[in-house]
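> Got a structure for you, written out below as structure tokens; questions coming shortly.
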Amino acid sequence: MASPAPRPPTNSPRLLLLCEYPTVSGGEQSMLSTIPFVEQAGFSVTVACPQSGPLATRLGELQVDHIPFDTQTSGGQRFPQNESRQQLRSLLVREKPDLLHANSLSTGRLSGPVAADLGIPSVAHLRDIVGLSRRAVADLNQHRRLLAVSEATRDFHLGQGVSAARTFVLHNGVDLQHFRPGTERTWLRNQLELPPSSGLVVTVGQIGLRKGHDVLVDAAIRVSAELPHVHWLVVGERFSQKDESRQFEADLHEAAGGPLGGQMHLLGWRDDVDRILREADLLVHASRQEPLGRVLLEAAASGLPVVATDVGGTREIFPSEDEGAILVPAGDAPALAEAIVRVLADEAVRKSLARAIRRRAEAAFDLPLAAANLVEHYRQVLQG
């Protein structure tokens with residue numbers, strides 16, 4: 001990734017990015033990757049986010065100013081909306097940004113009425129495909145511009161009443177130098193004490209029903225009967241505190257210790273996903289819904305073949321199999337298993353997909369292009 005740019009002059013437009021969570025998931029990763037380019041374009045960037053946590057740490061590493069903003073207690077209890085809006089109002093009055101960018105749908109809903117009332121130009125990112133109330137839609141429509149991560153995300157929200165005139169598609173980009181093809185086949189296998197001949201299938205994402213880990217387990221059991229040398233790497237952690245989410249994670253651990261004992265490895269959160277993708281043989285993404293999966297872009301940049309469910313914005317990343325990915329219906333474990341075997345059992349297929357998927361990343365999802373498009377949206381909003 002590009003090094004942080006020199007600090008812009010004090011008369012530069014002041015951009016305030018608003019984040020809700022202390023974690024660094026796909027939305028935060030996408031935001032962080034664009035900051036150096038936004039600064040190079042002449043903006044002075046500050047991030048309002050929880051005072052401590054992985055996001056604050058990353059901002060410190062990038063030498064990006066950040067100020068405390070919390071929508072939840074330390075125990076995870078959400079503050080009443082009116083209280084959070086009052087806190088945000090005070091922050092905006094004090095900081096006087098020229099432009100506000102809410103980095104998620106939830107912060108977009110929170111900030112829309114506040115920014116509009118204060119007359120601050122504002123943008124909100126739509127990174128989720130979720131049902132909204134009429135009140136939530138009205139709050140989002142207070143922003144001057146809404147940025148959807150895919151056509152599928154835009155279409156979904158337009159169907160709920162979000163303003164078509166204010167909503168634009170902005171695909172995320174990926175750092176093609178940080179995520180790149182490689183030939184390493186021993187580092188991770190040695191770490192996991194696996195034979196060099198082991199096949200590695202990786203899935204990356206938050207542990208939860210939406211990401212389809214249960215379908216992956218079903219498919220993995222089917223594949224293992226035919227390809228017993230394959231090992232399954234699950235990268236990610238559970239954030240939801242709901243009982244059903246806890247049970248979902250417990251079921252995953254049970255499968256890893258039972259039917260897939262010794263073959264499924266739950267790696268938790270990792271800061272070396274780029275190295276993992278370079279050594280893996282295949283990325284499997286079994287999501288039930290996916291606005292625009294960031295890990296799919298990272299896998300593409302890494303030259304790693306993909307088997308994914310045909311949901312949300314995934315087909316916008318891979319319009320056809322010629323782009324290096326095989327898409328299957330969501331929730332269909334037999335179809336998922338069949339596609340996985342097709343890739344793992346044929347080295348020629350795997351190499352062809354690897355070359356095609358890297359070309360797709362280079363052609364459509366290079367980070368500087370995505371960042372330049374984001375900056376252009378900022379400038380248009382500032383110009384009114």
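Naming scheme: A, B, ... for chains in displayed order of the structure tokens; residues 1 onward per chain; ligands 1 onward as shown.
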Can you tell me which residues surround range 110-120 of chain A at a distance of at most 12 Å, considering only C-alpha atoms, apart from same-chain residues fewer than 3 positions away, and format the answer as an NGL selection string?

:A and (14-20 or 71 or 79-107 or 123-125 or 135-146 or 381-382 or 384)

> From a DSSP pass on the backbone, collect the residues of range 58-214 of chain A flagged as strand (DSSP E or B) and hand them back as a list in words.

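After running DSSP on the backbone, range 58-214 of chain A has strand (DSSP E or B) at Asp65, His66, Ile67, Pro68, Gln72, Arg78, Leu99, Leu100, His101, Ala102, Ser122, Val123, Ala124, His125, Leu126, Arg145, Leu146, Leu147, Ala148, Thr167, Phe168, Val169, Val174, Gly199, Leu200, Val201, Val202, Thr203 and Val204 of chain A.
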
> Check the DSSP output for the backbone and give back, as an mmCIF file with N, CA and C atoms, in the first residue's frame, the residues of range 113-216 of chain A in helix (DSSP H, G or I).


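Ended up saving to result-v2.cif:
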data_model
loop_
_atom_site.group_PDB
_atom_site.id
_atom_site.type_symbol
_atom_site.label_atom_id
_atom_site.label_comp_id
_atom_site.auth_asym_id
_atom_site.auth_seq_id
_atom_site.Cartn_x
_atom_site.Cartn_y
_atom_site.Cartn_z
ATOM 1 N N PRO A 113 -29.543 13.251 9.535
ATOM 2 C CA PRO A 113 -30.287 14.413 10.014
ATOM 3 C C PRO A 113 -29.406 15.450 10.694
ATOM 4 N N VAL A 114 -28.345 15.000 11.378
ATOM 5 C CA VAL A 114 -27.468 15.940 12.092
ATOM 6 C C VAL A 114 -26.696 16.792 11.094
ATOM 7 N N ALA A 115 -26.096 16.151 10.097
ATOM 8 C CA ALA A 115 -25.326 16.898 9.100
ATOM 9 C C ALA A 115 -26.226 17.860 8.330
ATOM 10 N N ALA A 116 -27.416 17.398 7.966
ATOM 11 C CA ALA A 116 -28.333 18.256 7.210
ATOM 12 C C ALA A 116 -28.739 19.467 8.039
ATOM 13 N N ASP A 117 -29.009 19.270 9.313
ATOM 14 C CA ASP A 117 -29.430 20.370 10.184
ATOM 15 C C ASP A 117 -28.316 21.398 10.359
ATOM 16 N N LEU A 118 -27.067 20.921 10.394
ATOM 17 C CA LEU A 118 -25.927 21.828 10.569
ATOM 18 C C LEU A 118 -25.432 22.401 9.238
ATOM 19 N N ARG A 134 -38.964 2.918 7.262
ATOM 20 C CA ARG A 134 -39.179 4.177 6.554
ATOM 21 C C ARG A 134 -38.367 5.304 7.184
ATOM 22 N N ARG A 135 -38.260 5.265 8.501
ATOM 23 C CA ARG A 135 -37.506 6.306 9.194
ATOM 24 C C ARG A 135 -36.024 6.232 8.842
ATOM 25 N N ALA A 136 -35.504 5.015 8.756
ATOM 26 C CA ALA A 136 -34.095 4.848 8.400
ATOM 27 C C ALA A 136 -33.831 5.348 6.982
ATOM 28 N N VAL A 137 -34.745 5.042 6.064
ATOM 29 C CA VAL A 137 -34.604 5.512 4.684
ATOM 30 C C VAL A 137 -34.616 7.040 4.643
ATOM 31 N N ALA A 138 -35.521 7.644 5.387
ATOM 32 C CA ALA A 138 -35.594 9.109 5.426
ATOM 33 C C ALA A 138 -34.310 9.703 5.982
ATOM 34 N N ASP A 139 -33.727 9.068 6.990
ATOM 35 C CA ASP A 139 -32.466 9.552 7.570
ATOM 36 C C ASP A 139 -31.337 9.497 6.542
ATOM 37 N N LEU A 140 -31.259 8.396 5.794
ATOM 38 C CA LEU A 140 -30.209 8.268 4.781
ATOM 39 C C LEU A 140 -30.385 9.299 3.671
ATOM 40 N N GLU A 151 -23.933 -2.491 -7.771
ATOM 41 C CA GLU A 151 -25.244 -2.250 -8.387
ATOM 42 C C GLU A 151 -26.323 -3.014 -7.617
ATOM 43 N N ALA A 152 -25.983 -4.221 -7.159
ATOM 44 C CA ALA A 152 -26.956 -5.017 -6.405
ATOM 45 C C ALA A 152 -27.356 -4.306 -5.121
ATOM 46 N N THR A 153 -26.386 -3.695 -4.451
ATOM 47 C CA THR A 153 -26.681 -2.958 -3.214
ATOM 48 C C THR A 153 -27.538 -1.739 -3.525
ATOM 49 N N ARG A 154 -27.188 -1.009 -4.584
ATOM 50 C CA ARG A 154 -27.983 0.164 -4.960
ATOM 51 C C ARG A 154 -29.416 -0.236 -5.290
ATOM 52 N N ASP A 155 -29.578 -1.245 -6.118
ATOM 53 C CA ASP A 155 -30.919 -1.670 -6.523
ATOM 54 C C ASP A 155 -31.759 -2.074 -5.316
ATOM 55 N N PHE A 156 -31.144 -2.789 -4.395
ATOM 56 C CA PHE A 156 -31.876 -3.228 -3.212
ATOM 57 C C PHE A 156 -32.406 -2.034 -2.429
ATOM 58 N N HIS A 157 -31.552 -1.051 -2.211
ATOM 59 C CA HIS A 157 -31.967 0.092 -1.393
ATOM 60 C C HIS A 157 -32.903 1.028 -2.134
ATOM 61 N N LEU A 158 -32.760 1.127 -3.454
ATOM 62 C CA LEU A 158 -33.745 1.914 -4.199
ATOM 63 C C LEU A 158 -35.126 1.307 -4.036
ATOM 64 N N TRP A 187 5.357 -22.060 4.268
ATOM 65 C CA TRP A 187 5.239 -21.252 5.489
ATOM 66 C C TRP A 187 4.017 -21.645 6.319
ATOM 67 N N LEU A 188 2.844 -21.605 5.716
ATOM 68 C CA LEU A 188 1.619 -21.893 6.456
ATOM 69 C C LEU A 188 1.481 -23.384 6.746
ATOM 70 N N ARG A 189 1.852 -24.206 5.808
ATOM 71 C CA ARG A 189 1.774 -25.651 6.040
ATOM 72 C C ARG A 189 2.688 -26.061 7.203
ATOM 73 N N ASN A 190 3.874 -25.481 7.275
ATOM 74 C CA ASN A 190 4.763 -25.760 8.409
ATOM 75 C C ASN A 190 4.151 -25.267 9.713
ATOM 76 N N GLN A 191 3.531 -24.082 9.663
ATOM 77 C CA GLN A 191 2.907 -23.507 10.857
ATOM 78 C C GLN A 191 1.811 -24.409 11.394
ATOM 79 N N LEU A 209 -24.055 -16.675 10.392
ATOM 80 C CA LEU A 209 -24.932 -17.373 9.450
ATOM 81 C C LEU A 209 -24.851 -16.782 8.050
ATOM 82 N N ARG A 210 -24.741 -15.455 7.943
ATOM 83 C CA ARG A 210 -24.740 -14.820 6.630
ATOM 84 C C ARG A 210 -23.574 -15.285 5.766
ATOM 85 N N LYS A 211 -22.456 -15.616 6.385
ATOM 86 C CA LYS A 211 -21.270 -16.027 5.626
ATOM 87 C C LYS A 211 -21.312 -17.502 5.213
ATOM 88 N N HIS A 213 -20.924 -20.490 6.780
ATOM 89 C CA HIS A 213 -19.963 -21.495 7.237
ATOM 90 C C HIS A 213 -20.598 -22.874 7.387
ATOM 91 N N ASP A 214 -21.888 -22.906 7.725
ATOM 92 C CA ASP A 214 -22.560 -24.197 7.860
ATOM 93 C C ASP A 214 -22.644 -24.925 6.518
ATOM 94 N N VAL A 215 -22.869 -24.180 5.443
ATOM 95 C CA VAL A 215 -22.895 -24.773 4.109
ATOM 96 C C VAL A 215 -21.492 -25.231 3.717
ATOM 97 N N LEU A 216 -20.497 -24.436 4.080
ATOM 98 C CA LEU A 216 -19.110 -24.823 3.807
ATOM 99 C C LEU A 216 -18.757 -26.131 4.494
#

> Of the candidates A:Glu279, A:Asp128, A:Asp243, A:Glu226, which shows the shortest atom-to-atom distance to Gly293 in chain A, using only C-alpha atoms?

A:Asp128

> Between A:Ala337, A:Leu283, A:Ala325, A:Ala225, which one has atoms that come closest to Arg355 in chain A, using only C-alpha atoms?

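Between A:Ala337, A:Leu283, A:Ala325, A:Ala225, the residue approaching Arg355 in chain A most closely is A:Ala325.
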
> So, counting only C-alpha atoms, which residue among A:Ile207, A:Leu126, A:Leu192, A:Ala286 is closest to Ala335 in chain A?

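So, comparing all the options, the nearest one is A:Ala286.
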
> For Asp332 in chain A, find every residue with an atom within 12 Å (counting only C-alpha atoms), except residues of its own chain fewer than 3 positions away, and show them as a PyMOL selection string.

chain A and resi 212+214-219+286-288+308-310+327-329+335-339
